[in-house]
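K.L.:
If you scroll down you'll find the structure; I have some questions about it.
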Amino acid sequence: MECIHCGSSSGPNASKGPPLAWCERFVEKLASRGFRDMEIIGGEPMHRPEVLLPLIRTATTAGLAARFTSNGFWGENRSVCDRSIKQLSDAGLKILSLSIDKLHTANVSHQSFLNIAHSFREAGFPFALRIYGFEGEWEEVDLVKEIKAVCAGHISVFTSRILPIGRAHENAARLKLDGWEIPEEDNHPCHSVLFPVVDADQYWYLCANGPTQGHNSPLCIGKMSGPDKFDEMLDRQYHYPIFRAIRTIGPLGMLELLGVPTGVGEKHNSVCDLCLHRLFSPNNTPRLRALFADEDISKSLSRHFQSQPCSMCGASSWWQRSGEWLCSDCYLNSFEI
Ligand code: SF4
């Protein structure tokens, strides 16, 4: 299964990934450096329970809140579903997110999601359940209402738009023809730079879109080739001026700040499209790298992009929305409906 709107590069032909022992050491490193949670994404993590369950256990033991996102295919058979919920709960899972929209339900039945909801209730709501859907055109509203009724008070629902990245970028025209709304160009600081992603081949990326761009993209921070390089990668992720700028003034603000031609008039959909295909265009990338290699520019940007207290909880924050500093937790919670 390779959904046409998926921002991820994973699928049946993707690499099997590093050995479990490597992943476990990586998770322990995350915990030891102060990360608070970890999300496992796919493809579909439940296709690899022999990796998923030990990783959830390792994260839990190390003090990280483990979560993962699923298409719910494993709910088709009720007894498998009951067993899976128990295994996930025993491993220490904190949040299960289900993707429910007509692009997924083309492959996964409504009954599968309902089975998960019933198993979840009968297990005594052992973790938090979230549903992700698509803003404005959610044809699965009735199904979601039914699930909410089964899990009353133990479920939260989020909606977002399809971002034209990864396979969704390749298929944007087809998605639009099918009536899907692809967001118009906008520019805002990017909070996703707070959440690094490591792919199955051990490459570390600035954000979840990185793996769709390949290893030569500026979004690829380096290759881990063992957990030894962990601290170096972390330092690049949070301290490289170029990445500080993306999370503070956004890709367009950064182009303007640096006087790089912005290509105004070109049509881009969403801030990620702008970032990936304009900011990091083949013409701009060498210029950006040269600018950021300049020590004076780096120093002045470092001063400009110091962390600030979150306006909601006071925690250290690296990210602004409409001029307001928010930490990642308060940002995510602000979207709950
Ligand atoms: S704006 Fe750029 S850095 Fe942020 S998520 Fe999109 S592609 Fe990644």
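Residue numbers start at 1 in each chain; chains themselves are named A, B, ... in the order of the structure tokens; ligands are numbered from 1 in the order shown.
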Hey, which bits of stretch 34-73 of chain A sit within 8 Å of stretch 96-103 of chain A, and for each residue what's the closest pair of atoms and how far apart in Å (one decimal), counting only C-alpha atoms, rows by chain and increasing number, as JSON lines?
P.N.:
{"residue": "A:Arg67", "atom": "CA", "partner": "A:Leu96", "partner_atom": "CA", "distance": 5.8}
{"residue": "A:Phe68", "atom": "CA", "partner": "A:Leu96", "partner_atom": "CA", "distance": 5.5}
{"residue": "A:Thr69", "atom": "CA", "partner": "A:Ser97", "partner_atom": "CA", "distance": 4.6}
{"residue": "A:Ser70", "atom": "CA", "partner": "A:Leu98", "partner_atom": "CA", "distance": 5.1}
{"residue": "A:Asn71", "atom": "CA", "partner": "A:Ser99", "partner_atom": "CA", "distance": 5.3}
{"residue": "A:Gly72", "atom": "CA", "partner": "A:Leu98", "partner_atom": "CA", "distance": 6.3}
K.L.:
Hey, can you spit out that residue selection with N, CA and C atoms as a compact mmCIF listing (two decimals), in the first residue's frame?
P.N.:
# COMPACT_ATOMS: atom_id res chain seq x y z
N ARG A 67 4.71 6.96 20.99
CA ARG A 67 3.45 7.01 20.24
C ARG A 67 3.72 6.56 18.81
N PHE A 68 2.67 6.17 18.13
CA PHE A 68 2.84 5.85 16.72
C PHE A 68 1.54 6.10 15.98
N THR A 69 1.65 6.23 14.66
CA THR A 69 0.50 6.52 13.82
C THR A 69 0.24 5.32 12.92
N SER A 70 -1.04 4.95 12.80
CA SER A 70 -1.38 3.72 12.08
C SER A 70 -2.55 3.95 11.13
N ASN A 71 -2.59 3.10 10.08
CA ASN A 71 -3.76 3.15 9.18
C ASN A 71 -4.87 2.21 9.65
N GLY A 72 -4.64 1.46 10.75
CA GLY A 72 -5.70 0.65 11.35
C GLY A 72 -6.00 -0.66 10.65
K.L.:
Write down as a ChimeraX atom specification the residues of stretch 57-249 of chain A whose backbone DSSP state falls under strand (DSSP E).
P.N.:
/A:65-70,95-99,128-134,155-160,197-198,203-205,220-223
K.L.:
Can you write out the residues you just picked, keeping C-alpha atoms, as a PDB file, in the first residue's frame?
P.N.:
ATOM      1  CA  ALA A  65       6.431   8.725  25.913  1.00  0.00           C
ATOM      2  CA  ALA A  66       6.054   6.387  22.921  1.00  0.00           C
ATOM      3  CA  ARG A  67       3.454   7.014  20.238  1.00  0.00           C
ATOM      4  CA  PHE A  68       2.836   5.850  16.720  1.00  0.00           C
ATOM      5  CA  THR A  69       0.497   6.517  13.816  1.00  0.00           C
ATOM      6  CA  SER A  70      -1.380   3.722  12.083  1.00  0.00           C
ATOM      7  CA  ILE A  95      -0.641   7.506  22.270  1.00  0.00           C
ATOM      8  CA  LEU A  96      -2.072   5.681  19.263  1.00  0.00           C
ATOM      9  CA  SER A  97      -3.053   7.902  16.335  1.00  0.00           C
ATOM     10  CA  LEU A  98      -5.311   6.579  13.580  1.00  0.00           C
ATOM     11  CA  SER A  99      -5.417   8.138  10.109  1.00  0.00           C
ATOM     12  CA  ALA A 128      -4.642   7.893  24.548  1.00  0.00           C
ATOM     13  CA  LEU A 129      -6.341   7.528  21.163  1.00  0.00           C
ATOM     14  CA  ARG A 130      -6.211  10.226  18.499  1.00  0.00           C
ATOM     15  CA  ILE A 131      -7.803  10.470  15.106  1.00  0.00           C
ATOM     16  CA  TYR A 132      -6.284  12.452  12.258  1.00  0.00           C
ATOM     17  CA  GLY A 133      -8.453  13.593   9.386  1.00  0.00           C
ATOM     18  CA  PHE A 134      -8.460  16.162   6.613  1.00  0.00           C
ATOM     19  CA  ILE A 155     -10.374  10.217  22.242  1.00  0.00           C
ATOM     20  CA  SER A 156      -9.231  13.413  20.564  1.00  0.00           C
ATOM     21  CA  VAL A 157      -9.610  14.467  16.954  1.00  0.00           C
ATOM     22  CA  PHE A 158      -7.270  16.593  14.835  1.00  0.00           C
ATOM     23  CA  THR A 159      -7.644  17.777  11.294  1.00  0.00           C
ATOM     24  CA  SER A 160      -5.097  19.190   8.881  1.00  0.00           C
ATOM     25  CA  VAL A 197      13.551  12.324  11.757  1.00  0.00           C
ATOM     26  CA  VAL A 198      15.913   9.402  11.265  1.00  0.00           C
ATOM     27  CA  TYR A 203      20.161   9.291   7.724  1.00  0.00           C
ATOM     28  CA  TRP A 204      19.173  12.143  10.045  1.00  0.00           C
ATOM     29  CA  TYR A 205      16.838  14.796   8.582  1.00  0.00           C
ATOM     30  CA  CYS A 220      19.718  15.794   5.319  1.00  0.00           C
ATOM     31  CA  ILE A 221      21.906  16.629   8.286  1.00  0.00           C
ATOM     32  CA  GLY A 222      24.178  13.589   8.051  1.00  0.00           C
ATOM     33  CA  LYS A 223      24.395   9.846   8.395  1.00  0.00           C
TER      34      LYS A 223
END
K.L.:
Using only C-alpha atoms and all ligand atoms, can you tell me which of A:Lys94, A:Arg244, A:Arg83, A:His5 comes closest to ligand 1?
P.N.:
A:Arg244
K.L.:
Kindly compile the residues surrounding ligand 1 within 6 Å, counting only C-alpha atoms and all ligand atoms, and format them as a ChimeraX atom specification.
P.N.:
/A:190,192-193,207,209,271-272,275-276
K.L.:
Pull C-alpha atoms from the residues just selected and write them as an mmCIF file, in the first residue's frame.
P.N.:
data_model
loop_
_atom_site.group_PDB
_atom_site.id
_atom_site.type_symbol
_atom_site.label_atom_id
_atom_site.label_comp_id
_atom_site.auth_asym_id
_atom_site.auth_seq_id
_atom_site.Cartn_x
_atom_site.Cartn_y
_atom_site.Cartn_z
ATOM 1 C CA CYS A 190 8.206 26.068 10.770
ATOM 2 C CA SER A 192 8.644 20.872 12.433
ATOM 3 C CA VAL A 193 12.326 21.697 12.662
ATOM 4 C CA CYS A 207 12.042 17.365 9.430
ATOM 5 C CA ASN A 209 9.867 15.859 4.737
ATOM 6 C CA VAL A 271 5.105 26.520 3.390
ATOM 7 C CA CYS A 272 6.809 23.167 2.796
ATOM 8 C CA CYS A 275 10.807 25.628 1.507
ATOM 9 C CA LEU A 276 11.641 22.551 -0.528
#
K.L.:
Here is a test: counting only C-alpha atoms, which residue of A:Arg48, A:His239, A:Lys229, A:His110 is nearest to A:Pro12?
P.N.:
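With only C-alpha atoms as the atom set, the closest residue is A:Arg48.
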K.L.:
Please run DSSP on the backbone and report, as a ChimeraX atom specification, all residues within stretch 14-53 of chain A that come out as helix (DSSP H, G or I).
P.N.:
/A:20-32,45-47,49-53
K.L.:
Please provide the set of residues having any atom within 12 Å of A:Leu64, restricted to only C-alpha atoms, with same-chain residues fewer than 6 positions apart removed, written as JSON, numbers by chain.
P.N.:
{"A": [27, 28, 29, 30, 31, 32, 33, 34, 35, 36, 37, 38, 39, 55, 56, 57, 58, 92, 93, 94, 95]}
K.L.:
Could you save the residues just selected, with N, CA and C atoms, as a PDB file, in the first residue's frame?
P.N.:
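Wrote it out as part-v7.pdb, contents follow:
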ATOM      1  N   VAL A  27      17.184   5.146  20.702  1.00  0.00           N
ATOM      2  CA  VAL A  27      16.089   5.603  21.563  1.00  0.00           C
ATOM      3  C   VAL A  27      16.628   5.970  22.953  1.00  0.00           C
ATOM      4  N   GLU A  28      17.539   5.152  23.463  1.00  0.00           N
ATOM      5  CA  GLU A  28      18.120   5.452  24.781  1.00  0.00           C
ATOM      6  C   GLU A  28      18.901   6.769  24.756  1.00  0.00           C
ATOM      7  N   LYS A  29      19.578   7.012  23.636  1.00  0.00           N
ATOM      8  CA  LYS A  29      20.313   8.284  23.503  1.00  0.00           C
ATOM      9  C   LYS A  29      19.335   9.455  23.539  1.00  0.00           C
ATOM     10  N   LEU A  30      18.211   9.301  22.831  1.00  0.00           N
ATOM     11  CA  LEU A  30      17.207  10.379  22.831  1.00  0.00           C
ATOM     12  C   LEU A  30      16.803  10.712  24.262  1.00  0.00           C
ATOM     13  N   ALA A  31      16.495   9.662  25.021  1.00  0.00           N
ATOM     14  CA  ALA A  31      16.043   9.879  26.407  1.00  0.00           C
ATOM     15  C   ALA A  31      17.141  10.547  27.225  1.00  0.00           C
ATOM     16  N   SER A  32      18.378  10.118  27.017  1.00  0.00           N
ATOM     17  CA  SER A  32      19.466  10.659  27.852  1.00  0.00           C
ATOM     18  C   SER A  32      19.757  12.118  27.516  1.00  0.00           C
ATOM     19  N   ARG A  33      19.315  12.601  26.355  1.00  0.00           N
ATOM     20  CA  ARG A  33      19.564  13.989  25.973  1.00  0.00           C
ATOM     21  C   ARG A  33      18.358  14.892  26.237  1.00  0.00           C
ATOM     22  N   GLY A  34      17.368  14.379  26.958  1.00  0.00           N
ATOM     23  CA  GLY A  34      16.274  15.243  27.389  1.00  0.00           C
ATOM     24  C   GLY A  34      15.042  15.240  26.491  1.00  0.00           C
ATOM     25  N   PHE A  35      15.030  14.399  25.442  1.00  0.00           N
ATOM     26  CA  PHE A  35      13.792  14.306  24.655  1.00  0.00           C
ATOM     27  C   PHE A  35      12.704  13.712  25.546  1.00  0.00           C
ATOM     28  N   ARG A  36      11.449  14.118  25.286  1.00  0.00           N
ATOM     29  CA  ARG A  36      10.375  13.640  26.151  1.00  0.00           C
ATOM     30  C   ARG A  36       9.478  12.623  25.469  1.00  0.00           C
ATOM     31  N   ASP A  37       9.435  12.651  24.142  1.00  0.00           N
ATOM     32  CA  ASP A  37       8.622  11.645  23.472  1.00  0.00           C
ATOM     33  C   ASP A  37       9.205  11.263  22.131  1.00  0.00           C
ATOM     34  N   MET A  38       8.662  10.173  21.596  1.00  0.00           N
ATOM     35  CA  MET A  38       9.190   9.620  20.363  1.00  0.00           C
ATOM     36  C   MET A  38       8.007   9.105  19.548  1.00  0.00           C
ATOM     37  N   GLU A  39       7.974   9.430  18.273  1.00  0.00           N
ATOM     38  CA  GLU A  39       6.890   8.928  17.426  1.00  0.00           C
ATOM     39  C   GLU A  39       7.462   7.993  16.372  1.00  0.00           C
ATOM     40  N   LEU A  55      10.644  -1.458  20.564  1.00  0.00           N
ATOM     41  CA  LEU A  55      11.011  -0.036  20.608  1.00  0.00           C
ATOM     42  C   LEU A  55      10.126   0.739  21.580  1.00  0.00           C
ATOM     43  N   ILE A  56       8.854   0.398  21.610  1.00  0.00           N
ATOM     44  CA  ILE A  56       7.950   1.048  22.577  1.00  0.00           C
ATOM     45  C   ILE A  56       8.406   0.707  24.001  1.00  0.00           C
ATOM     46  N   ARG A  57       8.762  -0.567  24.199  1.00  0.00           N
ATOM     47  CA  ARG A  57       9.225  -0.993  25.543  1.00  0.00           C
ATOM     48  C   ARG A  57      10.498  -0.243  25.936  1.00  0.00           C
ATOM     49  N   THR A  58      11.436  -0.160  25.000  1.00  0.00           N
ATOM     50  CA  THR A  58      12.709   0.511  25.305  1.00  0.00           C
ATOM     51  C   THR A  58      12.463   1.979  25.635  1.00  0.00           C
ATOM     52  N   GLY A  92       3.743  -0.352  26.923  1.00  0.00           N
ATOM     53  CA  GLY A  92       3.823   0.992  27.515  1.00  0.00           C
ATOM     54  C   GLY A  92       3.426   2.122  26.589  1.00  0.00           C
ATOM     55  N   LEU A  93       2.753   1.795  25.470  1.00  0.00           N
ATOM     56  CA  LEU A  93       2.361   2.841  24.513  1.00  0.00           C
ATOM     57  C   LEU A  93       1.588   3.959  25.211  1.00  0.00           C
ATOM     58  N   LYS A  94       1.875   5.220  24.822  1.00  0.00           N
ATOM     59  CA  LYS A  94       1.154   6.348  25.431  1.00  0.00           C
ATOM     60  C   LYS A  94       0.074   6.895  24.497  1.00  0.00           C
ATOM     61  N   ILE A  95       0.359   6.949  23.193  1.00  0.00           N
ATOM     62  CA  ILE A  95      -0.641   7.506  22.270  1.00  0.00           C
ATOM     63  C   ILE A  95      -0.670   6.690  20.979  1.00  0.00           C
TER      64      ILE A  95
END
K.L.:
List every residue of stretch 229-258 of chain A that has an atom at most 8 Å from any atom of stretch 278-292 of chain A, giving for each one its closest atom pair and the distance in Å to one decimal, counting only C-alpha atoms, sorted by chain and then by ascending residue number, as JSON lines.
P.N.:
{"residue": "A:Pro241", "atom": "CA", "partner": "A:Phe292", "partner_atom": "CA", "distance": 6.8}
{"residue": "A:Ile242", "atom": "CA", "partner": "A:Phe292", "partner_atom": "CA", "distance": 6.8}
{"residue": "A:Pro251", "atom": "CA", "partner": "A:Leu279", "partner_atom": "CA", "distance": 6.4}
{"residue": "A:Leu252", "atom": "CA", "partner": "A:Leu279", "partner_atom": "CA", "distance": 7.6}
{"residue": "A:Leu255", "atom": "CA", "partner": "A:Leu279", "partner_atom": "CA", "distance": 6.8}
K.L.:
To one decimal place, how far is atom CA of A:Gly250 from atom CA of A:Gly43 in Å?
P.N.:
28.0 Å
